[in-house]
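Student: My structure is below; once you've seen it, I'll send some questions.
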Amino acid sequence: MQIGAHSAQHRSRNMTKRPRGQGRKSRKPAKRKTRVKLLAVGHDVIDAGHETIGECCDRIAESDSGAIEAQLQRLRSLLAHHFQNEELLLKAAGSSLCGCHALDHRIMLALCDRAIRSATDGDGKSRKVIIKELVPALRKHIAYRDQLIALYLNTLDTPPVLHS
Ligand SMILES: [Fe+2]
Ligand SMILES: [Fe+2]
């Protein structure tokens with residue numbers, strides 16, 4: 001009786017034994033990569049621009065100081081291109097960005113310029129400017145401004161198309 005119980009216990013222990021390399025430690029999730037989450041507004045061109053900008057902000061959050069300047073320059077160019085696309089979409093629809101919308105764009109470009117200057121000066125503040133100032137400003141901008149232009153563009157009889 002006792003022998004059988006022992007065997008069952010032994011078998012049970014063996015069945016629950018984890019294969020090599022699959023112990024508790026390996027189940028621990030890998031260190032989370034930064035992920036800037038931005039609201040989708042439901043317009044393909046605008047959402048694609050935000051996605052690329054968000055990914056670039058992720059790279060900046062993860063970059064070491066040697067690589068950050070190139071990523072900041074890339075972000076500056078992505079932002080400028082995206083803002084121009086929004087202007088062109090509205091123009092093609094016979095409208096234009098409102099003053100508040102255009103002002104937000106200028107403020108975000110200025111934040112990016114400040115981050116680039118910080119990287120050039122080596123004061124170590126550029127990442128903080130992007131993650132703590134630019135990303136929150138972009139989130140608000142998308143929710144309060146871009147969402148409205150997406151709604152406007154998506155409800156036109158003939159939504160404008162950008163030609164590259
Ligand atoms: Fe936008
Ligand atoms: Fe915008």
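Letters A, B, ... mark the chains of the structure tokens in the order given; residue numbers begin at 1 per chain; ligand numbers begin at 1, in order shown.
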Check which residues of chain A sit at most 12 Å from ligand 2 using only C-alpha atoms and all ligand atoms, and return one row each with the closest pair of atoms and their distance in Å to one decimal, ordered by chain and rising number, as a tab-separated table.

Tutor:
```
residue	atom	partner	partner_atom_place_in_ligand_line	distance
A:Val41	CA	ligand 2	1 (Fe)	11.1
A:Val45	CA	ligand 2	1 (Fe)	11.8
A:Ile46	CA	ligand 2	1 (Fe)	8.5
A:Asp47	CA	ligand 2	1 (Fe)	10.8
A:Gly49	CA	ligand 2	1 (Fe)	10.2
A:His50	CA	ligand 2	1 (Fe)	9.6
A:Leu79	CA	ligand 2	1 (Fe)	9.5
A:Ala80	CA	ligand 2	1 (Fe)	10.4
A:His81	CA	ligand 2	1 (Fe)	11.1
A:His82	CA	ligand 2	1 (Fe)	7.9
A:Phe83	CA	ligand 2	1 (Fe)	5.9
A:Gln84	CA	ligand 2	1 (Fe)	9.0
A:Asn85	CA	ligand 2	1 (Fe)	9.1
A:Glu86	CA	ligand 2	1 (Fe)	6.3
A:Glu87	CA	ligand 2	1 (Fe)	8.3
A:Leu88	CA	ligand 2	1 (Fe)	11.4
A:Leu89	CA	ligand 2	1 (Fe)	11.0
A:Leu90	CA	ligand 2	1 (Fe)	10.7
A:Ser96	CA	ligand 2	1 (Fe)	11.4
A:Leu97	CA	ligand 2	1 (Fe)	8.2
A:Cys98	CA	ligand 2	1 (Fe)	9.9
A:Gly99	CA	ligand 2	1 (Fe)	11.0
A:Cys100	CA	ligand 2	1 (Fe)	9.6
A:His101	CA	ligand 2	1 (Fe)	6.0
A:Ala102	CA	ligand 2	1 (Fe)	7.2
A:Leu103	CA	ligand 2	1 (Fe)	9.4
A:Asp104	CA	ligand 2	1 (Fe)	7.3
A:His105	CA	ligand 2	1 (Fe)	6.3
A:Arg106	CA	ligand 2	1 (Fe)	10.0
A:Ile107	CA	ligand 2	1 (Fe)	11.2
A:Met108	CA	ligand 2	1 (Fe)	9.9
A:Leu109	CA	ligand 2	1 (Fe)	11.5
A:Ala137	CA	ligand 2	1 (Fe)	10.9
A:Leu138	CA	ligand 2	1 (Fe)	8.4
A:Arg139	CA	ligand 2	1 (Fe)	10.4
A:Lys140	CA	ligand 2	1 (Fe)	10.1
A:His141	CA	ligand 2	1 (Fe)	6.4
A:Ile142	CA	ligand 2	1 (Fe)	6.6
A:Ala143	CA	ligand 2	1 (Fe)	9.7
A:Tyr144	CA	ligand 2	1 (Fe)	9.2
A:Arg145	CA	ligand 2	1 (Fe)	6.1
A:Asp146	CA	ligand 2	1 (Fe)	4.9
A:Gln147	CA	ligand 2	1 (Fe)	8.7
A:Leu148	CA	ligand 2	1 (Fe)	9.5
A:Ile149	CA	ligand 2	1 (Fe)	8.2
A:Ala150	CA	ligand 2	1 (Fe)	9.8
```

Student: Could you name the residues that touch Ala70 of chain A at 12 Å or less, counting only C-alpha atoms, but leaving out those on the same chain fewer than 2 positions away, as a list of chain:residue names?

Tutor: A:Cys56, A:Arg59, A:Ile60, A:Ser63, A:Asp64, A:Ser65, A:Gly66, A:Ala67, A:Ile68, A:Leu72, A:Gln73, A:Arg74, A:Leu75, A:Arg76, A:Ser77, A:Ala115, A:Ile116, A:Ala119, A:Thr120

Student: What would the file look like if the residues just selected were written as a short mmCIF file (atom, residue, chain, number, x, y, z; two decimals), in the first residue's frame with C-alpha atoms?

Tutor:
```
data_model
loop_
_atom_site.label_atom_id
_atom_site.label_comp_id
_atom_site.auth_asym_id
_atom_site.auth_seq_id
_atom_site.Cartn_x
_atom_site.Cartn_y
_atom_site.Cartn_z
CA CYS A 56 10.23 56.43 -33.71
CA ARG A 59 13.29 53.96 -30.59
CA ILE A 60 14.22 57.23 -28.92
CA SER A 63 18.31 54.51 -27.80
CA ASP A 64 21.62 54.95 -26.11
CA SER A 65 23.01 58.44 -26.16
CA GLY A 66 25.16 57.70 -29.24
CA ALA A 67 22.18 56.79 -31.43
CA ILE A 68 19.61 59.24 -30.14
CA LEU A 72 15.59 62.70 -33.19
CA GLN A 73 16.40 64.00 -36.67
CA ARG A 74 14.26 61.22 -38.10
CA LEU A 75 11.40 62.12 -35.75
CA ARG A 76 11.65 65.79 -36.82
CA SER A 77 11.35 64.79 -40.44
CA ALA A 115 15.30 67.82 -27.95
CA ILE A 116 17.74 67.94 -30.89
CA ALA A 119 21.27 66.03 -27.76
CA THR A 120 23.79 68.27 -29.54
#
```

Student: Taking into account only C-alpha atoms and all ligand atoms, which residue in the set A:Ile131, A:Leu38, A:Ala110, A:Leu162 is nearest to ligand 1?

Tutor: A:Leu38

Student: Counting only C-alpha atoms and all ligand atoms, which of A:Cys112, A:Ala61, A:Ala48, A:Leu151 gets nearest to ligand 1?

Tutor: A:Ala48

Student: Tell me which of A:Thr34, A:Thr52, A:Ser118, A:Asn154 sits closest to ligand 1, counting only C-alpha atoms and all ligand atoms.

Tutor: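 Ranked by minimum distance to ligand 1, first place goes to A:Thr52.
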
Student: Would you mind reading off the distance between atom CA of Arg117 of chain A and atom CA of Gln71 of chain A, one decimal, in Å?

Tutor: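 Atom CA of Arg117 of chain A sits 13.1 Å away from atom CA of Gln71 of chain A.
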